[in-house]
Every structure is written in structure tokens, then in C-alpha cells.
file coords-v3.txt (compact mmCIF, C-alpha atoms)
# COMPACT_ATOMS: atom_id res chain seq x y z
CA GLU M 1 -18.44 6.48 17.94
CA ALA M 2 -17.45 7.78 14.51
CA GLN M 3 -14.51 5.80 13.26
CA VAL M 4 -12.60 4.09 10.49
CA THR M 5 -11.83 0.46 11.33
CA GLN M 6 -9.07 -1.54 9.71
CA ASN M 7 -8.33 -5.24 10.08
CA PRO M 8 -5.97 -6.82 10.72
CA ARG M 9 -3.73 -4.42 12.65
CA TYR M 10 -0.66 -6.58 12.10
CA LEU M 11 0.06 -9.28 9.54
CA ILE M 12 3.15 -11.30 8.69
CA THR M 13 2.83 -13.39 5.56
CA VAL M 14 4.84 -14.86 2.71
CA THR M 15 5.41 -13.82 -0.87
CA GLY M 16 2.60 -14.75 -3.22
CA LYS M 17 -0.08 -15.54 -0.65
CA LYS M 18 -3.15 -13.43 -1.44
CA LEU M 19 -4.36 -11.20 1.36
CA THR M 20 -7.09 -8.66 2.02
CA VAL M 21 -7.03 -5.75 4.43
CA THR M 22 -10.51 -4.59 5.32
CA CYS M 23 -11.61 -1.01 5.96
CA SER M 24 -14.98 0.09 7.23
CA GLN M 25 -16.34 3.52 8.20
CA ASN M 26 -19.55 4.36 10.05
CA MET M 27 -19.81 8.03 9.10
CA ASN M 28 -21.64 7.65 5.77
CA HIS M 29 -18.63 9.15 4.00
CA GLU M 30 -18.56 9.16 0.22
CA TYR M 31 -14.80 9.35 -0.24
CA MET M 32 -12.42 6.61 0.89
CA SER M 33 -8.77 6.01 0.12
CA TRP M 34 -5.79 3.83 0.93
CA TYR M 35 -2.31 5.11 1.75
CA ARG M 36 0.96 3.44 2.45
CA GLN M 37 3.50 5.02 4.77
CA ASP M 38 7.20 4.37 4.39
CA PRO M 39 10.06 6.06 6.27
CA GLY M 40 11.07 9.34 4.65
CA LEU M 41 8.33 9.17 2.04
CA GLY M 42 5.27 10.25 3.98
CA LEU M 43 1.80 9.05 3.02
CA ARG M 44 1.38 7.95 -0.57
CA GLN M 45 -2.04 7.26 -2.01
CA ILE M 46 -2.63 3.79 -3.47
CA TYR M 47 -6.26 3.92 -4.58
CA TYR M 48 -9.27 6.05 -3.84
CA SER M 49 -13.02 5.80 -4.25
CA MET M 50 -15.39 8.70 -4.73
CA ASN M 51 -18.49 6.60 -4.11
CA VAL M 52 -19.92 3.11 -4.51
CA GLU M 53 -18.57 1.38 -7.63
CA VAL M 54 -16.32 4.39 -8.43
CA THR M 55 -12.61 3.80 -7.84
CA ASP M 56 -9.41 5.13 -9.37
CA LYS M 57 -5.65 4.79 -9.08
CA GLY M 58 -3.62 6.94 -6.76
CA ASP M 59 0.12 7.49 -6.99
CA VAL M 60 1.36 3.96 -6.22
CA PRO M 61 -1.31 1.48 -7.38
CA GLU M 62 0.92 -1.30 -8.77
CA GLY M 63 0.32 -4.64 -7.08
CA TYR M 64 -2.93 -3.61 -5.39
CA LYS M 65 -6.64 -3.94 -6.10
CA VAL M 66 -9.66 -2.40 -4.44
CA SER M 67 -13.43 -2.62 -4.64
CA ARG M 68 -16.30 -0.49 -3.34
CA LYS M 69 -19.49 -2.51 -3.39
CA GLU M 70 -20.96 -0.82 -0.31
CA LYS M 71 -20.54 2.73 0.87
CA ARG M 72 -19.05 1.78 4.23
CA ASN M 73 -16.45 -0.78 3.06
CA PHE M 74 -13.31 -0.35 0.99
CA PRO M 75 -11.05 -3.44 1.11
CA LEU M 76 -7.46 -3.45 -0.15
CA ILE M 77 -6.41 -6.63 -1.94
CA LEU M 78 -2.87 -7.83 -2.57
CA GLU M 79 -3.24 -10.65 -5.10
CA SER M 80 0.41 -11.72 -5.02
CA PRO M 81 2.23 -9.83 -2.26
CA SER M 82 5.94 -9.15 -2.59
CA PRO M 83 8.50 -7.94 -0.01
CA ASN M 84 8.47 -4.39 -1.43
CA GLN M 85 4.87 -4.12 -0.23
CA THR M 86 6.01 -4.40 3.36
CA SER M 87 4.72 -1.16 4.82
CA LEU M 88 2.29 0.57 7.16
CA TYR M 89 -1.10 0.99 5.51
CA PHE M 90 -3.81 3.49 6.37
CA CYS M 91 -7.38 3.71 5.21
CA ALA M 92 -8.98 7.15 5.29
CA SER M 93 -12.40 8.61 4.59
CA SER M 94 -13.96 12.03 4.18
CA LEU M 95 -17.48 13.26 3.67
CA TYR M 96 -17.03 14.34 0.07
CA ALA M 97 -14.28 14.17 -2.54
CA ASP M 98 -14.64 17.53 -4.18
CA ILE M 99 -14.71 19.93 -1.26
CA ASN M 100 -12.03 20.64 1.31
CA GLN M 101 -12.67 17.87 3.77
CA PRO M 102 -10.61 16.56 6.67
CA GLN M 103 -9.43 13.01 6.25
CA HIS M 104 -10.34 10.54 9.02
CA PHE M 105 -7.74 7.81 9.30
CA GLY M 106 -7.97 4.25 10.59
CA ASP M 107 -5.44 2.96 13.12
CA GLY M 108 -3.26 1.40 10.45
CA THR M 109 -2.21 -2.08 9.36
CA ARG M 110 1.42 -3.08 9.62
CA LEU M 111 2.14 -5.58 6.87
CA SER M 112 5.33 -7.66 6.65
CA ILE M 113 5.86 -9.83 3.60
CA LEU M 114 8.70 -12.32 3.81
CA GLN G 1 4.33 17.10 -7.04
CA GLN G 2 4.94 16.09 -3.43
CA PRO G 3 5.17 19.20 -1.26
CA VAL G 4 8.49 19.84 0.43
CA GLN G 5 8.47 20.15 4.20
CA SER G 6 11.21 21.81 6.22
CA PRO G 7 12.85 21.18 8.51
CA GLN G 8 12.88 17.40 8.47
CA ALA G 9 13.22 17.26 12.24
CA VAL G 10 13.05 19.63 15.20
CA ILE G 11 14.04 19.17 18.82
CA LEU G 12 12.58 21.60 21.34
CA ARG G 13 12.47 22.19 25.06
CA GLU G 14 9.05 22.64 26.59
CA GLY G 15 7.86 26.21 26.12
CA GLU G 16 9.90 26.92 22.99
CA ASP G 17 8.39 27.86 19.63
CA ALA G 18 8.78 26.18 16.25
CA VAL G 19 7.80 26.78 12.64
CA ILE G 20 7.26 24.05 10.06
CA ASN G 21 7.10 25.00 6.40
CA CYS G 22 5.39 23.34 3.47
CA SER G 23 6.14 24.40 -0.10
CA SER G 24 4.65 23.35 -3.40
CA SER G 25 5.74 23.81 -7.01
CA LYS G 26 2.10 23.76 -8.16
CA ALA G 27 -0.73 26.18 -7.61
CA LEU G 28 -2.60 25.13 -4.49
CA TYR G 29 -6.29 24.93 -3.76
CA SER G 30 -5.80 24.38 -0.06
CA VAL G 31 -3.40 23.02 2.54
CA HIS G 32 -4.16 20.43 5.23
CA TRP G 33 -2.13 19.84 8.40
CA TYR G 34 -2.09 16.57 10.35
CA ARG G 35 -0.17 15.30 13.37
CA GLN G 36 0.79 11.68 13.87
CA LYS G 37 2.00 10.37 17.21
CA HIS G 38 4.25 7.36 17.23
CA GLY G 39 2.30 4.18 16.47
CA GLU G 40 -0.95 6.02 15.87
CA ALA G 41 -3.01 7.29 12.96
CA PRO G 42 -2.59 10.81 11.59
CA VAL G 43 -5.02 13.25 13.17
CA PHE G 44 -6.47 16.25 11.40
CA LEU G 45 -5.41 19.68 12.71
CA MET G 46 -6.71 22.22 10.22
CA ILE G 47 -7.37 23.13 6.59
CA LEU G 48 -6.43 26.46 5.05
CA LEU G 49 -8.10 27.62 1.89
CA LYS G 50 -6.46 29.84 -0.70
CA GLY G 51 -6.90 33.47 0.21
CA GLY G 52 -4.05 33.78 2.68
CA GLU G 53 -6.10 32.96 5.71
CA GLN G 54 -4.65 32.08 9.05
CA LYS G 55 -6.16 29.52 11.39
CA GLY G 56 -5.53 28.39 14.92
CA HIS G 57 -5.95 25.26 17.01
CA GLU G 58 -5.09 25.88 20.66
CA LYS G 59 -1.51 27.19 20.53
CA ILE G 60 -0.96 25.85 17.03
CA SER G 61 -1.70 28.16 14.13
CA ALA G 62 -0.98 28.19 10.43
CA SER G 63 -0.85 30.54 7.49
CA PHE G 64 -1.24 30.00 3.77
CA ASN G 65 0.54 32.23 1.27
CA GLU G 66 -1.12 31.54 -2.05
CA LYS G 67 1.36 33.60 -4.08
CA LYS G 68 4.35 31.75 -2.69
CA GLN G 69 2.47 28.45 -2.76
CA GLN G 70 3.48 27.67 0.76
CA SER G 71 2.06 27.20 4.21
CA SER G 72 3.64 27.49 7.63
CA LEU G 73 2.60 25.81 10.87
CA TYR G 74 3.42 27.73 14.05
CA LEU G 75 3.72 25.91 17.37
CA THR G 76 3.81 28.36 20.26
CA ALA G 77 4.97 27.57 23.79
CA SER G 78 5.35 23.91 22.90
CA GLN G 79 4.09 21.19 25.23
CA LEU G 80 5.22 17.60 25.58
CA SER G 81 1.99 16.53 23.88
CA TYR G 82 3.06 18.31 20.68
CA SER G 83 5.66 15.64 19.96
CA GLY G 84 5.00 13.66 16.80
CA THR G 85 5.32 13.89 13.05
CA TYR G 86 3.56 16.73 11.27
CA PHE G 87 2.37 16.28 7.72
CA CYS G 88 1.12 18.87 5.33
CA GLY G 89 -1.22 17.82 2.55
CA THR G 90 -1.57 20.02 -0.49
CA GLU G 91 -4.69 20.01 -2.57
CA PHE G 92 -4.72 20.57 -6.33
CA TRP G 93 -7.60 20.98 -8.71
CA ARG G 94 -7.81 18.26 -11.32
CA SER G 95 -10.09 17.38 -14.21
CA GLY G 96 -13.34 15.74 -13.25
CA GLY G 97 -13.89 18.23 -10.47
CA TYR G 98 -12.13 16.30 -7.75
CA ASN G 99 -9.16 17.69 -5.91
CA LYS G 100 -6.05 15.64 -5.36
CA LEU G 101 -4.46 15.61 -1.93
CA ILE G 102 -0.73 14.86 -1.74
CA PHE G 103 1.15 14.60 1.54
CA GLY G 104 4.65 15.78 2.29
CA ALA G 105 7.30 13.50 3.81
CA GLY G 106 6.66 14.86 7.30
CA THR G 107 8.52 16.83 9.98
CA ARG G 108 9.44 15.01 13.18
CA LEU G 109 9.03 17.15 16.28
CA ALA G 110 10.36 16.10 19.67
CA VAL G 111 9.59 18.20 22.75
CA HIS G 112 11.68 17.51 25.86
CA PRO G 113 11.11 18.68 29.45
call {"tool": "encode", "arguments": {"input": "coords-v3.txt", "output": "C-alpha cells"}}
result
Amino acid sequence: EAQVTQNPRYLITVTGKKLTVTCSQNMNHEYMSWYRQDPGLGLRQIYYSMNVEVTDKGDVPEGYKVSRKEKRNFPLILESPSPNQTSLYFCASSLYADINQPQHFGDGTRLSIL
Amino acid sequence: QQPVQSPQAVILREGEDAVINCSSSKALYSVHWYRQKHGEAPVFLMILLKGGEQKGHEKISASFNEKKQQSSLYLTASQLSYSGTYFCGTEFWRSGGYNKLIFGAGTRLAVHP
């Protein structure tokens, strides 16, 4: 089954404790991105990747890191999480970056930072 | 740059119609529409390219007015399953040849029996 898989689905942690949210897709998609969703603000892009080893900042990149060493994986890293990063996070992928392509979303990761 | 969606929320009875609007201050390359049910991931509905085309997905259709830089989503004879939050995503051309997709804040739709 074609899908985008995120782990973990839920995480409660404390300020300053490094964490990684994994994202994997099995559709051989070139383009992957991370969004955070907050009430009243919709989906805001954190980082995106157009292909392996090619990443760039989205609209709200502060406090986050990403890497794209393999085509299928695009982990989101919070080196020193803070409470303002408490949010619902979605990973998404699409076939290409430069053509109108539907975004396929993972099931989301709800992150709470105390 | 974030597109503006209106209304913010809609409450309908089953069988009623609704229109959700999405407006941008920038010239658009295309408009995406997604629906998100509570606790789930957003699901793709349709993409409209510039050219004023209209598309349909079951009883949900949409139009894209390039001149006005806006798109409208039409939900006809609403069903309970239509409940959720609808997001538009507007696509802009940017240097490097890659379009940028920005989502609106969403419109919450509740359909009651």
C-alpha cells in the first residue's frame, strides 16, 4: 500500500531533550516536506526536500533540522525542543517538486513539550 | 502570502449546499484543495490549474478565477461524510523553477442530520 509513515504518533517530552520524528514514503517520491499545524494557522511548512541531499527552509524553520540521505526517508530533528514547538506535525510527499502534484500526507505526530 | 479562506466555519443540514472561498494577493500558478477529518491527515481533493478550469469530485466541485486570484469550492447536497476542515493551497512560481505551496488557515464544515 502506498503510504507516508510517521513515527512516533504521539510524544510527550521535556524542554531541551533532543528528539527525532521519522518519516518514510514507499512511493519513490522526489519531493518531501514537513508541516506543523496549529489552531487557526493552518499548515505551515517547516522544511522541504526536492531530492536526496537537497533540502531548504520553509516558512517556519527555526528550531528544526532535517536531512535527506535516502530518497524514502526525511527525518525531522528538534535539537533542543521548547514548549512553543508543541504542535501537530505532518510529513508529506509528492512525485515531483516542480509540477502540480498532489501532496500525500502521513498520519501526523502530536508533540507535547513540557 | 497565506491565502485567505472564507468563511472560517460553516454549519449545514444534510442536503444543503455550501461554498468555500480562497483568495490570494499574489498571482497564482494553481490551487489545491484538501479535506481533513478530525484526528486524521489531510486528504487531497483536486488541483486546479490557471486557465479558469472547473473540476469535480463526486458532488464537490471547484473553480479557479485567475484574474481575481481566487478559487471556490462548491459542496452540493452535503452528506454527513463531508464534515471536516477544508484547506486550500495556493501555488506560486519561484526562482529555481520550483513552485511554493502555501496553505490557508482552513474552513471548518459541520454537516448535521
call {"tool": "closest_atom_pairs", "arguments": {"input": "coords-v3.txt", "of": "chain G", "to": "chain M", "cutoff": "12 Å", "atoms": "only C-alpha atoms", "output": "CSV"}}
result
residue,atom,partner,partner_atom,distance
G:Gln1,CA,M:Asp59,CA,10.5
G:Gln2,CA,M:Arg44,CA,9.3
G:Pro3,CA,M:Gly42,CA,10.4
G:Val4,CA,M:Gly42,CA,10.7
G:Gln5,CA,M:Gly42,CA,10.4
G:Gln8,CA,M:Gly40,CA,9.1
G:Ala9,CA,M:Gly40,CA,11.2
G:Leu28,CA,M:Asn100,CA,11.9
G:Tyr29,CA,M:Asn100,CA,8.8
G:Ser30,CA,M:Asn100,CA,7.4
G:Val31,CA,M:Asn100,CA,9.0
G:His32,CA,M:Pro102,CA,7.7
G:Trp33,CA,M:Pro102,CA,9.3
G:Tyr34,CA,M:Gln103,CA,9.1
G:Arg35,CA,M:Phe105,CA,11.4
G:Gln36,CA,M:Phe105,CA,10.4
G:Lys37,CA,M:Asp107,CA,11.3
G:His38,CA,M:Asp107,CA,11.4
G:Gly39,CA,M:Asp107,CA,8.5
G:Glu40,CA,M:Asp107,CA,6.1
G:Ala41,CA,M:Asp107,CA,5.0
G:Pro42,CA,M:Phe105,CA,6.4
G:Val43,CA,M:Phe105,CA,7.2
G:Phe44,CA,M:Pro102,CA,6.3
G:Leu45,CA,M:Pro102,CA,8.6
G:Met46,CA,M:Pro102,CA,7.7
G:Ile47,CA,M:Pro102,CA,7.3
G:Leu48,CA,M:Asn100,CA,8.9
G:Leu49,CA,M:Asn100,CA,8.0
G:Lys50,CA,M:Asn100,CA,10.9
G:Thr85,CA,M:Gly42,CA,9.8
G:Tyr86,CA,M:Gly42,CA,9.9
G:Phe87,CA,M:Gly42,CA,7.7
G:Cys88,CA,M:Gly42,CA,9.7
G:Gly89,CA,M:Leu43,CA,9.3
G:Thr90,CA,M:Asn100,CA,10.6
G:Glu91,CA,M:Asn100,CA,8.3
G:Phe92,CA,M:Asn100,CA,10.6
G:Trp93,CA,M:Asp98,CA,9.1
G:Arg94,CA,M:Asp98,CA,9.9
G:Ser95,CA,M:Asp98,CA,11.0
G:Gly96,CA,M:Asp98,CA,9.3
G:Gly97,CA,M:Asp98,CA,6.4
G:Tyr98,CA,M:Asp98,CA,4.5
G:Asn99,CA,M:Asp98,CA,5.7
G:Lys100,CA,M:Ala97,CA,8.8
G:Leu101,CA,M:Gln45,CA,8.7
G:Ile102,CA,M:Arg44,CA,7.3
G:Phe103,CA,M:Leu43,CA,5.8
G:Gly104,CA,M:Gly42,CA,5.8
G:Ala105,CA,M:Gly42,CA,3.8
G:Gly106,CA,M:Gly42,CA,5.8
G:Thr107,CA,M:Gly42,CA,9.5
G:Arg108,CA,M:Gly40,CA,10.4
call {"tool": "atom_distance", "arguments": {"input": "coords-v3.txt", "atom1": "atom CA of Glu66 of chain G", "atom2": "atom CA of Ile20 of chain G"}}
result
16.5 Å
call {"tool": "residues_around", "arguments": {"input": "coords-v3.txt", "residues": "Glu79 of chain M", "least_positions_apart": "2", "cutoff": "9 Å", "atoms": "all atoms listed in the file", "output": "JSON, numbers by chain"}}
result
{"M": [16, 17, 18, 19, 20, 63, 64, 65, 77, 81]}
call {"tool": "atom_distance", "arguments": {"input": "coords-v3.txt", "atom1": "atom CA of Arg13 of chain G", "atom2": "atom CA of Ser71 of chain G"}}
result
23.8 Å
call {"tool": "atom_distance", "arguments": {"input": "coords-v3.txt", "atom1": "atom CA of Lys68 of chain G", "atom2": "atom CA of Leu109 of chain G"}}
result
24.4 Å
call {"tool": "residues_around", "arguments": {"input": "coords-v3.txt", "residues": "Asp17 of chain G", "least_positions_apart": "6", "cutoff": "6 Å", "atoms": "only C-alpha atoms", "output": "MDAnalysis selection string"}}
result
chainID G and resid 75:78
call {"tool": "write_last_selection", "arguments": {"input": "coords-v3.txt", "atoms": "C-alpha atoms", "output": "short mmCIF file (atom, residue, chain, number, x, y, z; two decimals), keeping the file's coordinate frame"}}
result
data_model
loop_
_atom_site.label_atom_id
_atom_site.label_comp_id
_atom_site.auth_asym_id
_atom_site.auth_seq_id
_atom_site.Cartn_x
_atom_site.Cartn_y
_atom_site.Cartn_z
CA LEU G 75 3.72 25.91 17.37
CA THR G 76 3.81 28.36 20.26
CA ALA G 77 4.97 27.57 23.79
CA SER G 78 5.35 23.91 22.90
#
call {"tool": "residues_around", "arguments": {"input": "coords-v3.txt", "residues": "Tyr47 of chain M", "least_positions_apart": "6", "cutoff": "10 Å", "atoms": "all atoms listed in the file", "output": "compact mmCIF listing (two decimals) with C-alpha atoms, keeping the file's coordinate frame"}}
result
# COMPACT_ATOMS: atom_id res chain seq x y z
CA MET M 32 -12.42 6.61 0.89
CA SER M 33 -8.77 6.01 0.12
CA TRP M 34 -5.79 3.83 0.93
CA TYR M 35 -2.31 5.11 1.75
CA THR M 55 -12.61 3.80 -7.84
CA ASP M 56 -9.41 5.13 -9.37
CA LYS M 57 -5.65 4.79 -9.08
CA GLY M 58 -3.62 6.94 -6.76
CA ASP M 59 0.12 7.49 -6.99
CA VAL M 60 1.36 3.96 -6.22
CA PRO M 61 -1.31 1.48 -7.38
CA GLU M 62 0.92 -1.30 -8.77
CA TYR M 64 -2.93 -3.61 -5.39
CA LYS M 65 -6.64 -3.94 -6.10
CA VAL M 66 -9.66 -2.40 -4.44
CA SER M 67 -13.43 -2.62 -4.64
CA PHE M 74 -13.31 -0.35 0.99
CA LEU M 76 -7.46 -3.45 -0.15
CA CYS M 91 -7.38 3.71 5.21
call {"tool": "closest_residue", "arguments": {"input": "coords-v3.txt", "among": "G:Phe64, G:Pro7, G:Leu12, G:Glu58", "to": "Ser24 of chain G", "atoms": "only C-alpha atoms"}}
result
G:Phe64
call {"tool": "closest_residue", "arguments": {"input": "coords-v3.txt", "among": "M:Ile113, M:Ile46, M:Asn51, M:Arg9", "to": "Asn73 of chain M", "atoms": "all atoms listed in the file"}}
result
M:Asn51
call {"tool": "residues_near_point", "arguments": {"input": "coords-v3.txt", "point": "(3.7, 26.4, 5.8)", "cutoff": "6 Å", "atoms": "all atoms listed in the file", "output": "VMD selection string"}}
result
chain G and resid 21 to 22 70 to 73
call {"tool": "write_last_selection", "arguments": {"input": "coords-v3.txt", "atoms": "C-alpha atoms", "output": "short mmCIF file (atom, residue, chain, number, x, y, z; two decimals), in the coordinates of the input"}}
result
data_model
loop_
_atom_site.label_atom_id
_atom_site.label_comp_id
_atom_site.auth_asym_id
_atom_site.auth_seq_id
_atom_site.Cartn_x
_atom_site.Cartn_y
_atom_site.Cartn_z
CA ASN G 21 7.10 25.00 6.40
CA CYS G 22 5.39 23.34 3.47
CA GLN G 70 3.48 27.67 0.76
CA SER G 71 2.06 27.20 4.21
CA SER G 72 3.64 27.49 7.63
CA LEU G 73 2.60 25.81 10.87
#
call {"tool": "axis_aligned_box", "arguments": {"input": "coords-v3.txt", "around": "segment 80-90 of chain G", "padding_each_side": "8 Å", "output": "lines of an AutoDock Vina configuration file"}}
result
center_x = 2.0
center_y = 16.8
center_z = 12.5
size_x = 23.2
size_y = 22.4
size_z = 42.1
call {"tool": "build_atoms", "arguments": {"input": "coords-v3.txt", "residues": "segment 10-21 of chain M", "atoms": "all heavy atoms", "output": "PDB file, in the frame of the given file"}}
result
ATOM      1  N   TYR M  10      -2.005  -6.086  12.406  1.00  0.00           N
ATOM      2  CA  TYR M  10      -0.660  -6.580  12.100  1.00  0.00           C
ATOM      3  C   TYR M  10      -0.802  -7.874  11.296  1.00  0.00           C
ATOM      4  O   TYR M  10      -1.693  -8.685  11.565  1.00  0.00           O
ATOM      5  CB  TYR M  10       0.132  -6.887  13.377  1.00  0.00           C
ATOM      6  CG  TYR M  10       0.251  -5.721  14.313  1.00  0.00           C
ATOM      7  CD1 TYR M  10      -0.675  -5.531  15.322  1.00  0.00           C
ATOM      8  CD2 TYR M  10       1.299  -4.807  14.195  1.00  0.00           C
ATOM      9  CE1 TYR M  10      -0.580  -4.449  16.181  1.00  0.00           C
ATOM     10  CE2 TYR M  10       1.402  -3.728  15.056  1.00  0.00           C
ATOM     11  CZ  TYR M  10       0.463  -3.558  16.047  1.00  0.00           C
ATOM     12  OH  TYR M  10       0.553  -2.490  16.895  1.00  0.00           O
ATOM     13  N   LEU M  11       0.082  -8.046  10.326  1.00  0.00           N
ATOM     14  CA  LEU M  11       0.060  -9.280   9.540  1.00  0.00           C
ATOM     15  C   LEU M  11       1.460  -9.575   9.022  1.00  0.00           C
ATOM     16  O   LEU M  11       2.096  -8.702   8.430  1.00  0.00           O
ATOM     17  CB  LEU M  11      -0.921  -9.175   8.377  1.00  0.00           C
ATOM     18  CG  LEU M  11      -1.031 -10.408   7.484  1.00  0.00           C
ATOM     19  CD1 LEU M  11      -1.545 -11.602   8.283  1.00  0.00           C
ATOM     20  CD2 LEU M  11      -1.950 -10.145   6.294  1.00  0.00           C
ATOM     21  N   ILE M  12       1.911 -10.804   9.272  1.00  0.00           N
ATOM     22  CA  ILE M  12       3.150 -11.300   8.690  1.00  0.00           C
ATOM     23  C   ILE M  12       2.769 -12.439   7.776  1.00  0.00           C
ATOM     24  O   ILE M  12       2.093 -13.377   8.203  1.00  0.00           O
ATOM     25  CB  ILE M  12       4.142 -11.780   9.769  1.00  0.00           C
ATOM     26  CG1 ILE M  12       4.474 -10.648  10.731  1.00  0.00           C
ATOM     27  CG2 ILE M  12       5.413 -12.319   9.113  1.00  0.00           C
ATOM     28  CD1 ILE M  12       5.328 -11.078  11.916  1.00  0.00           C
ATOM     29  N   THR M  13       3.194 -12.357   6.519  1.00  0.00           N
ATOM     30  CA  THR M  13       2.830 -13.390   5.560  1.00  0.00           C
ATOM     31  C   THR M  13       3.993 -13.635   4.609  1.00  0.00           C
ATOM     32  O   THR M  13       5.066 -13.040   4.760  1.00  0.00           O
ATOM     33  CB  THR M  13       1.557 -12.999   4.800  1.00  0.00           C
ATOM     34  OG1 THR M  13       1.116 -14.100   4.002  1.00  0.00           O
ATOM     35  CG2 THR M  13       1.796 -11.793   3.907  1.00  0.00           C
ATOM     36  N   VAL M  14       3.770 -14.499   3.640  1.00  0.00           N
ATOM     37  CA  VAL M  14       4.840 -14.860   2.710  1.00  0.00           C
ATOM     38  C   VAL M  14       4.511 -14.390   1.298  1.00  0.00           C
ATOM     39  O   VAL M  14       3.355 -14.167   0.940  1.00  0.00           O
ATOM     40  CB  VAL M  14       5.096 -16.378   2.717  1.00  0.00           C
ATOM     41  CG1 VAL M  14       5.597 -16.825   4.078  1.00  0.00           C
ATOM     42  CG2 VAL M  14       3.828 -17.146   2.340  1.00  0.00           C
ATOM     43  N   THR M  15       5.543 -14.251   0.521  1.00  0.00           N
ATOM     44  CA  THR M  15       5.410 -13.820  -0.870  1.00  0.00           C
ATOM     45  C   THR M  15       4.422 -14.697  -1.617  1.00  0.00           C
ATOM     46  O   THR M  15       4.467 -15.920  -1.522  1.00  0.00           O
ATOM     47  CB  THR M  15       6.783 -13.869  -1.563  1.00  0.00           C
ATOM     48  OG1 THR M  15       7.674 -13.008  -0.868  1.00  0.00           O
ATOM     49  CG2 THR M  15       6.682 -13.448  -3.017  1.00  0.00           C
ATOM     50  N   GLY M  16       3.516 -14.036  -2.352  1.00  0.00           N
ATOM     51  CA  GLY M  16       2.600 -14.750  -3.220  1.00  0.00           C
ATOM     52  C   GLY M  16       1.292 -15.198  -2.611  1.00  0.00           C
ATOM     53  O   GLY M  16       0.386 -15.624  -3.335  1.00  0.00           O
ATOM     54  N   LYS M  17       1.152 -15.089  -1.300  1.00  0.00           N
ATOM     55  CA  LYS M  17      -0.080 -15.540  -0.650  1.00  0.00           C
ATOM     56  C   LYS M  17      -1.083 -14.391  -0.578  1.00  0.00           C
ATOM     57  O   LYS M  17      -0.897 -13.430   0.182  1.00  0.00           O
ATOM     58  CB  LYS M  17       0.233 -16.063   0.739  1.00  0.00           C
ATOM     59  CG  LYS M  17      -0.956 -16.706   1.419  1.00  0.00           C
ATOM     60  CD  LYS M  17      -0.559 -17.289   2.775  1.00  0.00           C
ATOM     61  CE  LYS M  17      -1.755 -17.933   3.449  1.00  0.00           C
ATOM     62  NZ  LYS M  17      -1.426 -18.431   4.796  1.00  0.00           N
ATOM     63  N   LYS M  18      -2.150 -14.505  -1.338  1.00  0.00           N
ATOM     64  CA  LYS M  18      -3.150 -13.430  -1.440  1.00  0.00           C
ATOM     65  C   LYS M  18      -3.668 -12.997  -0.073  1.00  0.00           C
ATOM     66  O   LYS M  18      -3.909 -13.830   0.813  1.00  0.00           O
ATOM     67  CB  LYS M  18      -4.323 -13.901  -2.299  1.00  0.00           C
ATOM     68  CG  LYS M  18      -5.425 -12.853  -2.489  1.00  0.00           C
ATOM     69  CD  LYS M  18      -6.549 -13.394  -3.349  1.00  0.00           C
ATOM     70  CE  LYS M  18      -7.677 -12.366  -3.495  1.00  0.00           C
ATOM     71  NZ  LYS M  18      -8.778 -12.873  -4.354  1.00  0.00           N
ATOM     72  N   LEU M  19      -3.820 -11.690   0.101  1.00  0.00           N
ATOM     73  CA  LEU M  19      -4.360 -11.200   1.360  1.00  0.00           C
ATOM     74  C   LEU M  19      -5.274  -9.998   1.123  1.00  0.00           C
ATOM     75  O   LEU M  19      -5.175  -9.307   0.098  1.00  0.00           O
ATOM     76  CB  LEU M  19      -3.237 -10.830   2.330  1.00  0.00           C
ATOM     77  CG  LEU M  19      -2.335  -9.652   1.972  1.00  0.00           C
ATOM     78  CD1 LEU M  19      -2.861  -8.361   2.602  1.00  0.00           C
ATOM     79  CD2 LEU M  19      -0.912  -9.903   2.456  1.00  0.00           C
ATOM     80  N   THR M  20      -6.163  -9.794   2.069  1.00  0.00           N
ATOM     81  CA  THR M  20      -7.090  -8.660   2.020  1.00  0.00           C
ATOM     82  C   THR M  20      -7.037  -7.918   3.338  1.00  0.00           C
ATOM     83  O   THR M  20      -7.095  -8.525   4.406  1.00  0.00           O
ATOM     84  CB  THR M  20      -8.537  -9.140   1.771  1.00  0.00           C
ATOM     85  OG1 THR M  20      -8.594  -9.831   0.522  1.00  0.00           O
ATOM     86  CG2 THR M  20      -9.499  -7.955   1.738  1.00  0.00           C
ATOM     87  N   VAL M  21      -6.932  -6.607   3.261  1.00  0.00           N
ATOM     88  CA  VAL M  21      -7.030  -5.750   4.430  1.00  0.00           C
ATOM     89  C   VAL M  21      -8.369  -5.026   4.356  1.00  0.00           C
ATOM     90  O   VAL M  21      -8.666  -4.380   3.347  1.00  0.00           O
ATOM     91  CB  VAL M  21      -5.887  -4.724   4.487  1.00  0.00           C
ATOM     92  CG1 VAL M  21      -5.973  -3.915   5.776  1.00  0.00           C
ATOM     93  CG2 VAL M  21      -4.535  -5.403   4.354  1.00  0.00           C
TER      94      VAL M  21
END
